[in-house]
Structures are given as C-alpha cells and as structure tokens.
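Here's my_file.pdb, which has PDB, C-alpha atoms:
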```pdb
ATOM      1  CA  MET A   1     -37.978  -8.213  -9.497
ATOM      2  CA  ARG A   2     -37.861  -5.665 -12.282
ATOM      3  CA  LYS A   3     -34.831  -5.595 -14.533
ATOM      4  CA  GLY A   4     -34.050  -2.030 -13.442
ATOM      5  CA  PHE A   5     -33.124  -3.288  -9.998
ATOM      6  CA  THR A   6     -30.654  -5.939 -11.126
ATOM      7  CA  ARG A   7     -27.155  -5.176 -12.217
ATOM      8  CA  LYS A   8     -24.283  -7.177 -13.545
ATOM      9  CA  PRO A   9     -20.915  -6.838 -11.845
ATOM     10  CA  LYS A  10     -18.454  -4.746 -13.767
ATOM     11  CA  PRO A  11     -15.479  -6.667 -15.159
ATOM     12  CA  ASP A  12     -12.072  -5.909 -13.684
ATOM     13  CA  THR A  13     -10.235  -3.185 -15.503
ATOM     14  CA  PRO A  14      -6.896  -4.334 -16.901
ATOM     15  CA  ALA A  15      -3.832  -3.419 -14.886
ATOM     16  CA  THR A  16      -2.254  -0.151 -15.949
ATOM     17  CA  LEU A  17       1.110  -0.215 -17.646
ATOM     18  CA  ALA A  18       2.513   2.379 -15.235
ATOM     19  CA  LYS A  19       5.424   1.088 -13.213
ATOM     20  CA  ASN A  20       5.006   0.725  -9.476
ATOM     21  CA  TYR A  21       8.378   1.817  -8.084
ATOM     22  CA  ILE A  22       8.927   0.142  -4.730
ATOM     23  CA  THR A  23      11.708  -1.039  -2.408
ATOM     24  CA  SER A  24      12.285  -4.777  -1.962
ATOM     25  CA  SER A  25      10.973  -4.691   1.630
ATOM     26  CA  GLY A  26       7.881  -2.782   0.487
ATOM     27  CA  LEU A  27       7.227  -5.416  -2.181
ATOM     28  CA  GLN A  28       7.640  -8.162   0.419
ATOM     29  CA  ARG A  29       5.018  -6.475   2.589
ATOM     30  CA  LEU A  30       2.529  -6.487  -0.312
ATOM     31  CA  LYS A  31       3.275 -10.170  -0.975
ATOM     32  CA  ASP A  32       2.837 -11.048   2.713
ATOM     33  CA  GLU A  33      -0.548  -9.301   2.847
ATOM     34  CA  HIS A  34      -1.639 -11.017  -0.386
ATOM     35  CA  GLN A  35      -0.600 -14.412   1.016
ATOM     36  CA  PHE A  36      -2.410 -13.765   4.315
ATOM     37  CA  LEU A  37      -5.661 -12.775   2.583
ATOM     38  CA  LEU A  38      -5.531 -15.661   0.117
ATOM     39  CA  THR A  39      -4.531 -18.499   2.435
ATOM     40  CA  ARG A  40      -5.828 -17.490   5.863
ATOM     41  CA  GLU A  41      -8.377 -14.654   5.966
ATOM     42  CA  ARG A  42     -10.476 -15.649   2.932
ATOM     43  CA  PRO A  43     -10.809 -19.336   3.973
ATOM     44  CA  ALA A  44     -11.813 -18.236   7.493
ATOM     45  CA  VAL A  45     -14.537 -15.924   6.145
ATOM     46  CA  VAL A  46     -15.734 -18.615   3.695
ATOM     47  CA  GLU A  47     -16.137 -20.943   6.683
ATOM     48  CA  VAL A  48     -18.266 -18.355   8.515
ATOM     49  CA  VAL A  49     -20.415 -17.756   5.409
ATOM     50  CA  ALA A  50     -20.957 -21.515   4.931
ATOM     51  CA  TRP A  51     -21.955 -21.896   8.586
ATOM     52  CA  ALA A  52     -24.330 -18.893   8.374
ATOM     53  CA  ALA A  53     -25.884 -20.209   5.135
ATOM     54  CA  SER A  54     -26.622 -23.530   6.815
ATOM     55  CA  ASN A  55     -28.746 -21.725   9.433
ATOM     56  CA  GLY A  56     -31.607 -21.108   7.034
ATOM     57  CA  ASP A  57     -33.135 -17.782   5.955
ATOM     58  CA  ARG A  58     -30.275 -15.787   4.453
ATOM     59  CA  SER A  59     -32.256 -12.564   3.968
ATOM     60  CA  GLU A  60     -32.290 -11.847   7.703
ATOM     61  CA  ASN A  61     -29.021 -13.549   8.598
ATOM     62  CA  ALA A  62     -26.526 -10.839   9.617
ATOM     63  CA  ASP A  63     -23.571 -13.256   9.757
ATOM     64  CA  TYR A  64     -24.262 -14.356   6.198
ATOM     65  CA  GLN A  65     -24.751 -10.838   4.818
ATOM     66  CA  TYR A  66     -21.682  -9.451   6.604
ATOM     67  CA  GLY A  67     -19.603 -12.444   5.506
ATOM     68  CA  LYS A  68     -20.567 -12.039   1.848
ATOM     69  CA  ARG A  69     -19.735  -8.323   2.000
ATOM     70  CA  ARG A  70     -16.405  -9.099   3.689
ATOM     71  CA  LEU A  71     -15.606 -11.673   0.974
ATOM     72  CA  ARG A  72     -16.183  -9.026  -1.710
ATOM     73  CA  GLN A  73     -13.821  -6.661   0.147
ATOM     74  CA  ILE A  74     -11.159  -9.362   0.480
ATOM     75  CA  ASP A  75     -11.444 -10.358  -3.188
ATOM     76  CA  GLY A  76     -11.148  -6.719  -4.252
ATOM     77  CA  ARG A  77      -8.054  -6.236  -2.090
ATOM     78  CA  ILE A  78      -6.504  -9.450  -3.439
ATOM     79  CA  ARG A  79      -7.000  -8.235  -7.024
ATOM     80  CA  PHE A  80      -5.575  -4.800  -6.157
ATOM     81  CA  LEU A  81      -2.485  -6.300  -4.479
ATOM     82  CA  LEU A  82      -1.898  -8.672  -7.393
ATOM     83  CA  LYS A  83      -1.931  -5.770  -9.859
ATOM     84  CA  ARG A  84       0.480  -3.761  -7.676
ATOM     85  CA  ILE A  85       2.825  -6.749  -7.338
ATOM     86  CA  GLU A  86       2.756  -7.456 -11.089
ATOM     87  CA  ALA A  87       3.549  -3.802 -11.884
ATOM     88  CA  ALA A  88       6.312  -3.594  -9.262
ATOM     89  CA  GLU A  89       9.675  -2.192 -10.319
ATOM     90  CA  VAL A  90      12.045  -2.820  -7.401
ATOM     91  CA  VAL A  91      14.615  -0.106  -6.689
ATOM     92  CA  ASP A  92      17.334  -0.706  -4.095
ATOM     93  CA  PRO A  93      18.097   2.519  -2.166
ATOM     94  CA  GLU A  94      21.491   1.092  -1.143
ATOM     95  CA  ALA A  95      22.609   0.265  -4.701
ATOM     96  CA  PRO A  96      25.747   2.187  -5.732
ATOM     97  CA  ARG A  97      25.094   5.194  -7.955
ATOM     98  CA  ALA A  98      27.544   7.001 -10.158
ATOM     99  CA  GLY A  99      27.926  10.662 -11.083
ATOM    100  CA  GLN A 100      24.943  12.990 -10.726
ATOM    101  CA  ALA A 101      22.640  10.125  -9.669
ATOM    102  CA  ALA A 102      24.618   9.745  -6.424
ATOM    103  CA  MET A 103      24.251  13.421  -5.505
ATOM    104  CA  ARG A 104      20.695  14.154  -6.615
ATOM    105  CA  ALA A 105      17.400  13.053  -5.062
ATOM    106  CA  PHE A 106      15.652  10.266  -6.923
ATOM    107  CA  PHE A 107      13.477   7.372  -5.800
ATOM    108  CA  GLY A 108      14.983   5.806  -2.653
ATOM    109  CA  ALA A 109      16.820   8.949  -1.538
ATOM    110  CA  THR A 110      16.833  10.212   2.034
ATOM    111  CA  VAL A 111      16.755  14.015   1.982
ATOM    112  CA  ARG A 112      17.462  16.511   4.750
ATOM    113  CA  TYR A 113      16.008  19.950   4.068
ATOM    114  CA  ALA A 114      15.109  23.183   5.847
ATOM    115  CA  ASP A 115      12.076  25.423   5.420
ATOM    116  CA  ALA A 116      12.126  29.233   5.326
ATOM    117  CA  ALA A 117      12.027  29.373   9.161
ATOM    118  CA  GLY A 118      15.119  27.154   9.356
ATOM    119  CA  THR A 119      13.282  24.082  10.666
ATOM    120  CA  GLU A 120      15.001  20.939   9.433
ATOM    121  CA  ARG A 121      13.300  17.691   8.432
ATOM    122  CA  VAL A 122      14.481  14.398   7.007
ATOM    123  CA  VAL A 123      12.311  12.393   4.602
ATOM    124  CA  SER A 124      12.806   9.231   2.557
ATOM    125  CA  ILE A 125      11.299   9.069  -0.930
ATOM    126  CA  VAL A 126       9.488   5.748  -1.404
ATOM    127  CA  GLY A 127       6.701   4.155  -3.453
ATOM    128  CA  THR A 128       2.995   4.892  -3.108
ATOM    129  CA  ASP A 129       2.462   1.567  -1.300
ATOM    130  CA  GLU A 130       5.123   2.376   1.312
ATOM    131  CA  ILE A 131       3.983   5.774   2.618
ATOM    132  CA  ASP A 132       4.472   5.971   6.386
ATOM    133  CA  LEU A 133       4.306   9.506   7.777
ATOM    134  CA  ASN A 134       5.302   8.264  11.249
ATOM    135  CA  ARG A 135       8.637   7.217   9.736
ATOM    136  CA  ASN A 136       8.830  10.248   7.375
ATOM    137  CA  HIS A 137       8.436   8.056   4.287
ATOM    138  CA  ILE A 138       6.819  10.100   1.523
ATOM    139  CA  SER A 139       5.684   9.058  -1.941
ATOM    140  CA  TRP A 140       7.761  10.035  -4.951
ATOM    141  CA  VAL A 141       4.548  11.386  -6.556
ATOM    142  CA  SER A 142       3.505  13.489  -3.536
ATOM    143  CA  PRO A 143       3.885  17.305  -3.803
ATOM    144  CA  LEU A 144       6.930  17.236  -1.488
ATOM    145  CA  GLY A 145       8.404  14.228  -3.281
ATOM    146  CA  ARG A 146       8.035  15.938  -6.663
ATOM    147  CA  ALA A 147       9.525  19.184  -5.305
ATOM    148  CA  LEU A 148      12.601  17.359  -3.961
ATOM    149  CA  MET A 149      13.072  15.131  -7.005
ATOM    150  CA  LYS A 150      16.375  15.767  -8.892
ATOM    151  CA  SER A 151      17.547  18.291  -6.278
ATOM    152  CA  ALA A 152      21.029  18.236  -4.756
ATOM    153  CA  ALA A 153      22.547  19.655  -1.570
ATOM    154  CA  GLY A 154      22.477  23.459  -1.724
ATOM    155  CA  ASP A 155      19.504  23.639  -4.110
ATOM    156  CA  SER A 156      16.407  25.697  -3.336
ATOM    157  CA  VAL A 157      13.103  24.105  -4.308
ATOM    158  CA  VAL A 158       9.501  25.281  -4.252
ATOM    159  CA  LEU A 159       6.818  23.155  -2.631
ATOM    160  CA  GLN A 160       3.335  23.927  -3.958
ATOM    161  CA  ALA A 161       1.445  23.661  -0.639
ATOM    162  CA  PRO A 162      -2.309  24.272  -0.136
ATOM    163  CA  GLY A 163      -1.503  27.500   1.742
ATOM    164  CA  GLY A 164       0.723  28.772  -1.063
ATOM    165  CA  PRO A 165       4.278  28.106  -2.234
ATOM    166  CA  GLU A 166       6.887  27.181   0.377
ATOM    167  CA  TYR A 167      10.600  27.592  -0.242
ATOM    168  CA  LEU A 168      12.849  24.774   0.937
ATOM    169  CA  THR A 169      16.623  24.450   0.988
ATOM    170  CA  VAL A 170      18.068  20.991   0.407
ATOM    171  CA  LEU A 171      20.856  20.336   2.921
ATOM    172  CA  GLU A 172      21.818  16.730   2.219
ATOM    173  CA  VAL A 173      20.927  13.875  -0.139
ATOM    174  CA  CYS A 174      22.028  10.338   0.637
ATOM    175  CA  TYR A 175      21.079   6.777  -0.218
ATOM    176  CA  GLN A 176      20.750   4.338   2.663
ATOM    177  CA  ARG A 177      18.565   1.478   3.831
ATOM    178  CA  ILE A 178      14.917   2.539   4.285
ATOM    179  CA  PRO A 179      13.263   0.362   6.949
ATOM    180  CA  VAL A 180       9.688  -0.526   5.940
ATOM    181  CA  GLU A 181       7.210  -1.733   8.549
ATOM    182  CA  PRO A 182       6.500  -5.420   7.753
ATOM    183  CA  PHE A 183       2.947  -6.674   7.257
ATOM    184  CA  ARG A 184       1.287  -7.719  10.491
ATOM    185  CA  GLU A 185      -1.932  -9.656  10.823
ATOM    186  CA  PRO A 186      -4.606  -7.061  11.652
ATOM    187  CA  PRO A 187      -6.166  -7.384  15.107
ATOM    188  CA  GLY A 188      -9.680  -8.768  14.978
ATOM    189  CA  SER A 189      -9.181 -10.562  11.674
ATOM    190  CA  GLU A 190     -11.349 -13.607  11.095
ATOM    191  CA  ALA A 191      -8.246 -15.792  10.672
ATOM    192  CA  SER A 192      -6.863 -14.833  14.089
ATOM    193  CA  SER A 193     -10.185 -15.493  15.814
ATOM    194  CA  LYS A 194     -10.414 -18.896  14.117
ATOM    195  CA  ARG A 195      -6.809 -19.748  15.071
ATOM    196  CA  LEU A 196      -6.271 -21.303  11.648
ATOM    197  CA  PRO A 197      -2.824 -22.849  11.192
ATOM    198  CA  ARG A 198      -0.397 -20.754   9.174
ATOM    199  CA  ARG A 199       0.264 -22.114   5.713
ATOM    200  CA  SER A 200       3.748 -21.958   4.308
TER     201      SER A 200
END
```

Would you mind writing the file's structure down as structure tokens?
Amino acid sequence: MRKGFTRKPKPDTPATLAKNYITSSGLQRLKDEHQFLLTRERPAVVEVVAWAASNGDRSENADYQYGKRRLRQIDGRIRFLLKRIEAAEVVDPEAPRAGQAAMRAFFGATVRYADAAGTERVVSIVGTDEIDLNRNHISWVSPLGRALMKSAAGDSVVLQAPGGPEYLTVLEVCYQRIPVEPFREPPGSEASSKRLPRRS
C-alpha cells in the first residue's frame, strides 16, 4: 500500500476552557449516558467484534467492520461527554436570587413572552446539552435565548430571525424547577440485545 493511502489518526483536541452552563439534572443525564456507554454498550460491542474476528477473513466480515465503526463512534461520544462533564458549571434555576437577578432573564429562567400578533409562548433557558423543543427548553446561546437574556417583564426585545427581525414583549420572568428528560437506554442498543447485567 502506498504511503498516500495511509493516515494517522488525529490526536484529540484539548477541551476548551469555555464553561458549559447546565442544570444539575442535565449534568446527571450526561453522566448517565457516559456510564451506559462505558460500562454496558462498549463492552457489548467489543464482544461482538471479538466474535466476528474469530470467524476468519475480516475484510469481508460485515459484523466485524460494523462493530469496529461502532466502537469508534462510541469512543468519540465518550470523549465528547467527558469534556462536557469536565467543563460543566452547574446552575440551579431554583436558587434564590436577589435584586435585578431575580427579575431579569438569565440562565435557568422561565420566560413568558408574546410576539407582535399577541401569541404567547413560555420557554425555559437551559444549557446546550439540554435543548428539548418538545418541552420548550431553549439554549442560552440560541438566537431566542440571546434576545431574551437580561430582559425583564415589560421589556421589548428583538429576535433576529431568518425571515427578518421579530419584536417580542416579555410578559413574565420567573425561576422554577426545569424538568429535564432523564437518559434512557436507546432502543436497539447492543447492550439491550445482549441483556448484559447493569453495573452499579
């Protein structure tokens, strides 16, 4: 094989120093997924790869090739989750706030606002790892999150939308518990098909 066709894997880039603002339940979800991949899914895939390798010719062995690719995906996700967990800065939305911080929208706020047509919506401002549009959880770095940031009830803010600027009126800002969907084992995972015992 010519040298032009071989390549060395790129080393992992060091974790960024940027803080990963997140709620405690959002951080727990990341930790649960990391634990699942490390202790259940990866060992199950390793077992499949070992079995496939024992069958002989690996170049035409689909189980082996798929398993190796899946291991690379799992390892990449494990590294990503570890970096996000290490950079996590937990913010409690229910923690008491004093003065302006209690009345203005910051990370962890639940905001009720109305658009120019008078349609009201309620969103909770959460971390980038906790976005859940079905629950109206938006990221603090999203266009809407940035538009609402530091606003208080009665303020008018401008959302820079793809179709042009939209004018929103903030009706209420409050801080309350934000329910985050817990991590659930994905259907069809190798660990669930192997029925491996859960490790504590």

Shell around range 132-139 of chain A at 10 Å using all atoms listed in the file, local window under 2 positions removed, as a ChimeraX atom specification: /A:21-22,107-108,110,121-130,141-146,178-181

Export, as a CSV table (one decimal), in the frame of the given file, the selected residues with C-alpha atoms.
```csv
chain,number,residue,atom,x,y,z
A,21,TYR,CA,8.4,1.8,-8.1
A,22,ILE,CA,8.9,0.1,-4.7
A,107,PHE,CA,13.5,7.4,-5.8
A,108,GLY,CA,15.0,5.8,-2.7
A,110,THR,CA,16.8,10.2,2.0
A,121,ARG,CA,13.3,17.7,8.4
A,122,VAL,CA,14.5,14.4,7.0
A,123,VAL,CA,12.3,12.4,4.6
A,124,SER,CA,12.8,9.2,2.6
A,125,ILE,CA,11.3,9.1,-0.9
A,126,VAL,CA,9.5,5.7,-1.4
A,127,GLY,CA,6.7,4.2,-3.5
A,128,THR,CA,3.0,4.9,-3.1
A,129,ASP,CA,2.5,1.6,-1.3
A,130,GLU,CA,5.1,2.4,1.3
A,141,VAL,CA,4.5,11.4,-6.6
A,142,SER,CA,3.5,13.5,-3.5
A,143,PRO,CA,3.9,17.3,-3.8
A,144,LEU,CA,6.9,17.2,-1.5
A,145,GLY,CA,8.4,14.2,-3.3
A,146,ARG,CA,8.0,15.9,-6.7
A,178,ILE,CA,14.9,2.5,4.3
A,179,PRO,CA,13.3,0.4,6.9
A,180,VAL,CA,9.7,-0.5,5.9
A,181,GLU,CA,7.2,-1.7,8.5
```

Exercise: range 182-191 of chain A partners within 10 Å, all atoms listed in the file, chain neighbours under 4 positions left out, as number ranges by chain: A: 25-34, 36-37, 39-48, 195-198

A:Cys174, A:Leu159, A:Ile131, A:Val49 ranked by distance to Val111 in chain A, top pick (using all atoms listed in the file):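 Among the listed residues, the smallest separation from Val111 in chain A belongs to A:Cys174.
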
Å distance separating CA of Lys19 in chain A from CA of Ala109 in chain A, one decimal place: 18.1 Å

Interatomic distance, CA of Asp75 in chain A to CA of Glu60 in chain A (Å, one decimal):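 Those two atoms sit 23.6 Å apart.
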
Using all atoms listed in the file: which of A:Trp51, A:Ala105, A:Leu38, A:Glu86 has the shortest distance to Leu71 in chain A: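 Answer, going by the shortest atom-to-atom distance: A:Leu38.
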
Matched chain/residue IDs from the PyMOL selection byres ((chain A and resi 90) around 7), as a PyMOL selection string: chain A and resi 21-24+88-89+91-92

Distance of CA of Tyr113 in chain A from CA of Ala152 in chain A, expressed in Å to one decimal place: 10.3 Å

Contacts of Asp115 in chain A at 7 Å (only C-alpha atoms; same-chain gap of 5+ positions) as a list in words: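 After dropping sequence-adjacent residues, the list is Glu120, Tyr167, Leu168 and Thr169 of chain A.
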
Please extract range 132-147 of chain A and write it out with N, CA, C and O atoms, as a short mmCIF file (atom, residue, chain, number, x, y, z; two decimals), in the first residue's frame.
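Below is the file part-v2.cif, written as the result:
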```cif
data_model
loop_
_atom_site.label_atom_id
_atom_site.label_comp_id
_atom_site.auth_asym_id
_atom_site.auth_seq_id
_atom_site.Cartn_x
_atom_site.Cartn_y
_atom_site.Cartn_z
N ASP A 132 -34.54 20.88 24.40
CA ASP A 132 -35.67 19.96 24.18
C ASP A 132 -36.84 20.82 23.71
O ASP A 132 -37.57 21.39 24.52
N LEU A 133 -37.01 20.93 22.40
CA LEU A 133 -38.05 21.80 21.85
C LEU A 133 -39.45 21.31 22.18
O LEU A 133 -40.38 22.10 22.22
N ASN A 134 -39.60 20.00 22.42
CA ASN A 134 -40.92 19.48 22.83
C ASN A 134 -41.33 20.00 24.20
O ASN A 134 -42.51 20.10 24.51
N ARG A 135 -40.35 20.33 25.02
CA ARG A 135 -40.62 20.88 26.36
C ARG A 135 -40.39 22.39 26.42
O ARG A 135 -40.39 22.98 27.48
N ASN A 136 -40.10 23.01 25.27
CA ASN A 136 -39.81 24.45 25.17
C ASN A 136 -38.56 24.84 25.96
O ASN A 136 -38.52 25.90 26.58
N HIS A 137 -37.56 23.96 25.94
CA HIS A 137 -36.27 24.26 26.55
C HIS A 137 -35.34 24.74 25.45
O HIS A 137 -35.04 23.98 24.52
N ILE A 138 -34.90 25.98 25.54
CA ILE A 138 -34.03 26.55 24.51
C ILE A 138 -32.65 26.84 25.10
O ILE A 138 -32.51 27.06 26.30
N SER A 139 -31.65 26.84 24.26
CA SER A 139 -30.28 27.11 24.70
C SER A 139 -30.09 28.59 24.98
O SER A 139 -30.65 29.45 24.29
N TRP A 140 -29.25 28.87 25.96
CA TRP A 140 -28.95 30.27 26.29
C TRP A 140 -28.14 30.95 25.20
O TRP A 140 -28.07 32.18 25.16
N VAL A 141 -27.55 30.17 24.26
CA VAL A 141 -26.79 30.78 23.16
C VAL A 141 -27.57 30.77 21.85
O VAL A 141 -27.06 31.20 20.82
N SER A 142 -28.82 30.31 21.88
CA SER A 142 -29.66 30.33 20.68
C SER A 142 -30.08 31.79 20.40
O SER A 142 -30.02 32.64 21.29
N PRO A 143 -30.52 32.09 19.17
CA PRO A 143 -30.97 33.47 18.89
C PRO A 143 -32.07 33.95 19.84
O PRO A 143 -32.01 35.08 20.33
N LEU A 144 -33.05 33.09 20.13
CA LEU A 144 -34.12 33.48 21.05
C LEU A 144 -33.59 33.63 22.47
O LEU A 144 -33.93 34.58 23.17
N GLY A 145 -32.72 32.71 22.88
CA GLY A 145 -32.13 32.79 24.21
C GLY A 145 -31.34 34.08 24.39
O GLY A 145 -31.44 34.76 25.42
N ARG A 146 -30.54 34.43 23.38
CA ARG A 146 -29.75 35.67 23.46
C ARG A 146 -30.65 36.90 23.47
O ARG A 146 -30.38 37.89 24.15
N ALA A 147 -31.76 36.85 22.69
CA ALA A 147 -32.67 38.00 22.65
C ALA A 147 -33.34 38.21 24.01
O ALA A 147 -33.54 39.35 24.44
#
```
